[in-house]
Each structure stands twice: as structure tokens, then as C-alpha cells.
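Heads up, the thing below is written out as C-alpha cells.
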Amino acid sequence: MHKKIFDVTSIGNLELKNRLWRSATWLNLADEKGHLSPELIYRYEELAKGGVGTIITGYAHILENEQPNAGMLGIYSDDFIEEYRLFVKRIHELGSKLIMQVCYGGSSTKYQTEGRLIWGPSAVKNPSSGVTPNEMTSEDIRTVIEAYVQSARRVKESGFDGVQLHAAHSYLYSQFLSPYFNRRKDAYGGSIENRARIIFETLEAVRKEVGPDYPVLIKMHCTDDWAEHGLTPDESLWVAKELEKRGITAIEFSGGNPDPSYPLKRPIRTKILKREKQAYFFNATKQIAAELDIPVISVGGHRNMELMEHILNDSAISYVALSRALFSEPDLPNKWKQDPTYNPRCTSCAKCWSPGGNICILDRKNKVFSK
Ligand SMILES: Cc1cc2nc3c(=O)[nH]c(=O)nc-3n(C[C@H](O)[C@H](O)[C@H](O)COP(=O)(O)O)c2cc1C
């Protein structure tokens, strides 16, 4: 079958109007407790009006006092359910599906780190943030798994079309998979089977809570590309196949590592304008997708419609996800529908962050949003 970006497809009972996804993108626009703000809702409305089939929210924190960044959404209490129901309803009215990404951050944080309890698989200093977490006890592990389970329940009760577990970008579950961060000697460290155990146990417990049919997705790495420190492509393939057996609905593959000595191997890469720099996790993701039956979503440097369609047809990848290009131009899907040769204005500078609410640098002069 020749795949096209604007094909209508389905994942289980979920009908998707095209193969374009908005990858999870933190906007720094929620209030200090993680509740929705008018500006944040507006930004999601713009995305939905812009034609993207599926939107994954920015990472939402699952424990009240564990917030890795400012202005994140929260999902740590049942108090969120009512406002999220209205939010989801609004995005559905505008024609997009909405999935919530849930996350325990850990040491990949520079936000209010003073005196805050931060857990990690081992007490290893994070090379990017400089934060050394507390090594988790087995009771701490149970606490985090239960927080994921309760968050997934709230996501389902709010009417979201699915939940995505964040196991990428050196947040806690990505750290468990990495031999650099995970030096444990117990059942959660050592072999890849042990390093992935917390994720398998989370999936099993979440499935029990939300049932067999509710979409439970994961974002993980096709490779950390980090010599002996990171998850290798073979290990990633093994974890992905296990997750498939254990009932994951779909996997989004990112990659890269946080080591400052590998600046070109980050999850969010800059200067990727040229075609050969785009789709920078394609080759590693393609190898894994070939071995899986569940849908695979590719993320990282997708900028060109013709190249994205080539990728879809040169591999078993089913969907492409974009963050920065849609951040800069939420109506990109509609523009591509009109003109498949349209070049996004995003220059991949990765200067999207801003203390008053993240905004594309190209819009900063005429800032329309304020927190
Ligand atoms: C401003 C910003 C916020 C992001 N927030 C998240 C997030 O909350 N969760 C996540 O998994 N990735 C996050 N990412 C990473 C993106 O989802 C994506 O993996 C990465 O930017 C590469 O895709 P791109 O080249 O399309 O931007 C963020 C990226 C940016 C630029």
C-alpha cells in the first residue's frame, strides 16, 4: 500500500484523519499548580484548527511535588478531570485527537531543585543539569508506578484519546534504561531485562486500570547513541518487542543523550535545514519498525512533506510527529494540504523557550501571549 500523509487510518477504535502528529511539546503556559490557562487552550485550539490529526500534550507531572519544569500541565489529582473534559471536548470539536503525555521527570531538571526530593535509578549526577538524585528504594518505585496508574486513569476519565508514557529524553524511565544513569544491583538494574522492568510493571498496572482497549502509548529512544553509556539499538528493539507483547498500543521513537560532550546527538537538534539532516532518527527507527506489528511514530527533524511520504513508504513507520515546526506554524498541515512543496519557516534554532510562556522566536517581537 502506498502511504500518504493525508490518509485516514485507525489505531484500534481511534480514527485519525491524517498521519501527522504533534509530538509532546511543553508550552510553559499552565499555572503554577499545572492547571490550564486561556493562553494554553488557545495554542491547542490553533493546532487543531491547523489540521494536525493527533496532538500529544506537553509532559504532565504525575506527583504534585515532582515538577521538572515551570508551567507544565498537572495530572496528579482528580481535581484536573473536570477542566480536562472541557479541554478535550473543545479539541475534538475542532477535529483533532488529543493524547496526554505523563511523566516523572527526575534529575533532568533545573527547576526549583533546591530542597526538592528528586528520585533517580541511582545517585548519579546528571551531566546536563548537574542534579544528583536520591537512589530509589523499591517502595519509591511502587510509588511512581502507582502515580502513573492513577494518572492514566485520570487521563481516561477526562476523555483523552490515549495516554503516552514518557520514557525518552533522560527523564526517569529513560534513565532506568540507560547503564549510565542506572547502576543498580537489584532487579531493576544490570541486564536490559532488569533496566526495563519498571516500564513493564508500569504498563501491566496501567493496562489493568484502563482496560485492554484504551490506547496506551510510549515515547522511547531508538538509541541513546551514547557509546557504552546508553540504550543501544539492539536493546531498544528488544524492549519495543517486549512492550508489543505486553500490550502497548503504539511507540513513538525519539533518541539521543544529554551528555554535553555529544552536542550533535541531542534529542532536539539544531541546524537541520538540509534534507540530509532532516528525519534524524529515521534509520534507527526504520530498523525497529521492521520488526514490530504495532504502529510506529517517528519524531525528530521532520520538515518536508515529500521526505515524510518517502519515509513512510521506505519503512514500516506509520506516522510522523513534529514539535518545533508546528510550534512555529500550527497551521502547517493545512498549508501542506494546499501546497505539498510548502517550506516551513521553522529554522530548528530550538530557541522556543521563553520565561513568560514558550513562543517561536520569530513571533517574540509581536508577542501575542502573556502568562
Ligand atoms: C519547546 C519544546 C518543548 C518540548 N517538550 C516536550 C515534552 O513535553 N515531551 C517530550 O516528549 N518532548 C518534548 N520536546 C521534544 C519534542 O517532542 C521532539 O521530540 C523534538 O523537538 C524533536 O522534534 P522536532 O525536530 O520536530 O522539533 C519538546 C521540544 C521543544 C522544542
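Going through the C-alpha cells in order, the chains are called A, B, and so on, while each chain numbers its residues from 1 and the ligands are numbered from 1 in the order shown.
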
Please extract the residues at most 7 Å from ligand 1, counting only C-alpha atoms and all ligand atoms, and provide them as a PDB file with C-alpha atoms, in the first residue's frame, using the chain letters and residue numbers of this document.
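The result, written out as out-v1.pdb:
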```pdb
ATOM      1  CA  SER A  23       4.828  15.444  19.331  1.00  0.00           C
ATOM      2  CA  ALA A  24       4.576  16.355  23.032  1.00  0.00           C
ATOM      3  CA  THR A  25       5.656  19.972  23.485  1.00  0.00           C
ATOM      4  CA  TRP A  26       5.873  21.779  26.812  1.00  0.00           C
ATOM      5  CA  LEU A  27       4.460  25.289  26.425  1.00  0.00           C
ATOM      6  CA  GLY A  58       3.306  18.584  26.699  1.00  0.00           C
ATOM      7  CA  TYR A  59       4.520  16.390  29.553  1.00  0.00           C
ATOM      8  CA  HIS A 166       7.348   9.429  28.677  1.00  0.00           C
ATOM      9  CA  ALA A 168      12.588   9.368  26.458  1.00  0.00           C
ATOM     10  CA  HIS A 169      14.928  12.362  26.802  1.00  0.00           C
ATOM     11  CA  LYS A 219       7.814   7.613  23.753  1.00  0.00           C
ATOM     12  CA  SER A 254      12.981   9.683  19.579  1.00  0.00           C
ATOM     13  CA  PRO A 267      17.018  14.650  21.022  1.00  0.00           C
ATOM     14  CA  ILE A 268      16.349  18.217  19.844  1.00  0.00           C
ATOM     15  CA  ARG A 269      18.902  19.007  17.125  1.00  0.00           C
ATOM     16  CA  VAL A 299       9.930  12.076  15.550  1.00  0.00           C
ATOM     17  CA  GLY A 300      12.967  14.306  15.108  1.00  0.00           C
ATOM     18  CA  GLY A 301      13.551  16.794  12.305  1.00  0.00           C
ATOM     19  CA  HIS A 302      10.537  16.244  10.064  1.00  0.00           C
ATOM     20  CA  ALA A 321       5.362  13.583  14.612  1.00  0.00           C
ATOM     21  CA  LEU A 322       6.571  17.181  14.658  1.00  0.00           C
ATOM     22  CA  SER A 323       7.272  19.535  17.514  1.00  0.00           C
ATOM     23  CA  ARG A 324       9.109  22.749  16.548  1.00  0.00           C
ATOM     24  CA  ALA A 325       7.708  23.201  13.032  1.00  0.00           C
ATOM     25  CA  SER A 348      15.244  24.476  14.005  1.00  0.00           C
ATOM     26  CA  ALA A 350      15.495  25.407  19.310  1.00  0.00           C
ATOM     27  CA  CYS A 352      11.379  28.149  21.527  1.00  0.00           C
ATOM     28  CA  TRP A 353      11.681  28.522  25.326  1.00  0.00           C
ATOM     29  CA  ASN A 358       7.257  29.404  25.199  1.00  0.00           C
TER      30      ASN A 358
END
```

>> When you look at Asn334 of chain A with a cut-off of 12 Å (counting only C-alpha atoms), what residues show up, excluding the ones that are within fewer than 6 positions of it in the same chain? I need them as number ranges by chain.
In response: A: 5-6, 18, 20, 46-53, 305, 326, 340, 342, 344

> Which residue out of A:Leu273, A:Val149, A:Ala316, A:Ala279 has the minimum interatomic distance to Glu291 of chain A when only C-alpha atoms are used?
Replying inline: A:Ala316

>> To one decimal place in Å, what is the distance between atom CA of Gln67 of chain A and atom CA of Ile41 of chain A?
In response: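 These two atoms are separated by 20.3 Å.
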
Please produce, as a Markdown table, a per-residue contact table for segment 197-262 of chain A versus segment 150-154 of chain A (criterion: any atom at most 8 Å away, only C-alpha atoms considered), showing the nearest atom pair and its distance in Å to one decimal, sorted by chain then residue number.
```
| residue | atom | partner | partner_atom | distance |
| --- | --- | --- | --- | --- |
| A:Val206 | CA | A:Ala152 | CA | 6.6 |
| A:Glu209 | CA | A:Arg153 | CA | 6.6 |
| A:Val210 | CA | A:Arg153 | CA | 6.1 |
```

Go ahead and dump the residues you just picked, C-alpha atoms, as an mmCIF file, in the first residue's frame.
```
data_model
loop_
_atom_site.group_PDB
_atom_site.id
_atom_site.type_symbol
_atom_site.label_atom_id
_atom_site.label_comp_id
_atom_site.auth_asym_id
_atom_site.auth_seq_id
_atom_site.Cartn_x
_atom_site.Cartn_y
_atom_site.Cartn_z
ATOM 1 C CA VAL A 206 -1.783 0.790 33.770
ATOM 2 C CA GLU A 209 -6.532 0.047 35.346
ATOM 3 C CA VAL A 210 -7.603 1.355 31.911
#
```

> Between atom CA of Gln164 of chain A and atom CA of Glu193 of chain A, what is the spacing in Å?
Replying inline: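 Between atom CA of Glu193 of chain A and atom CA of Gln164 of chain A the gap works out to 21.3 Å.
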
>> Going by DSSP on the backbone, which residues of segment 115-238 of chain A come out as strand (DSSP E)? List them as number ranges by chain.
In response: A: 119-120, 134-135, 162-166, 216-221

Filtering to C-alpha atoms, could you give me those residues as a JSON list (two decimals), in the first residue's frame?
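Result file follows (result37.json):
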```json
[["chain", "number", "residue", "atom", "x", "y", "z"],
["A", 119, "TRP", "CA", 14.43, 10.39, 42.57],
["A", 120, "GLY", "CA", 16.64, 8.51, 40.15],
["A", 134, "ASN", "CA", 18.27, 10.11, 45.53],
["A", 135, "GLU", "CA", 18.51, 6.44, 44.61],
["A", 162, "GLY", "CA", -4.97, 7.94, 24.95],
["A", 163, "VAL", "CA", -2.11, 8.27, 27.37],
["A", 164, "GLN", "CA", 1.58, 8.37, 26.45],
["A", 165, "LEU", "CA", 4.23, 7.27, 28.97],
["A", 166, "HIS", "CA", 7.35, 9.43, 28.68],
["A", 216, "VAL", "CA", -1.52, 3.38, 25.96],
["A", 217, "LEU", "CA", 1.50, 4.66, 24.05],
["A", 218, "ILE", "CA", 5.13, 5.20, 24.94],
["A", 219, "LYS", "CA", 7.81, 7.61, 23.75],
["A", 220, "MET", "CA", 11.23, 5.99, 23.97],
["A", 221, "HIS", "CA", 14.58, 6.04, 22.18]]
```

>> For a quick check of understanding, using only C-alpha atoms, which of A:Pro258, A:Gly189, A:Gly247, A:Gly356 has the smallest distance to Ser138 of chain A?
In response: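 Ranking A:Pro258, A:Gly189, A:Gly247, A:Gly356 by distance to Ser138 of chain A, first place goes to A:Gly189.
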
> Contacts of Thr232 of chain A at 6 Å or less, counting only C-alpha atoms, minus same-chain residues fewer than 2 places along, as a PyMOL selection string?
Replying inline: chain A and resi 223+234-235

>> What parts of segment 32-247 of chain A does DSSP call alpha helix (DSSP H)? I'd like the answer as a PyMOL selection string.
In response: chain A and resi 38-49+81-93+138-157+172-177+192-195+197-210+233-245

>> I'd like to know which of A:Pro233, A:Pro355, A:Pro212, A:Gly95 is closest to Gln287 of chain A, using only C-alpha atoms.
In response: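 Under the stated criterion, the closest residue is A:Pro233.
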
> Of the residues A:Ser96, A:Thr143, A:Thr137, A:Asn69, which is the one nearest to Lys110 of chain A, using only C-alpha atoms?
Replying inline: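 Distance minimum relative to Lys110 of chain A lands on A:Asn69.
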
> atom CA of Thr341 of chain A and atom CA of Leu312 of chain A, how far apart in Å?
Replying inline: 17.0 Å

>> So, with only C-alpha atoms as the atoms that count, which of A:Gln112, A:Ser174, A:Thr132, A:Asn304 lies closest to Ile199 of chain A?
In response: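 Distance minimum relative to Ile199 of chain A lands on A:Ser174.
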
>> Which residues are near Ala205 of chain A? Cut-off 9 Å, only C-alpha atoms, ignore same chain within fewer than 3 positions. Put them as a PyMOL selection string.
In response: chain A and resi 145-146+148-149+200-202+208-210

>> Under the rule that only C-alpha atoms are counted, which of A:Val320, A:Ala147, A:Ile81, A:Ile272 is the nearest residue to Thr347 of chain A?
In response: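 For Thr347 of chain A, the nearest of the candidates is A:Ile272.
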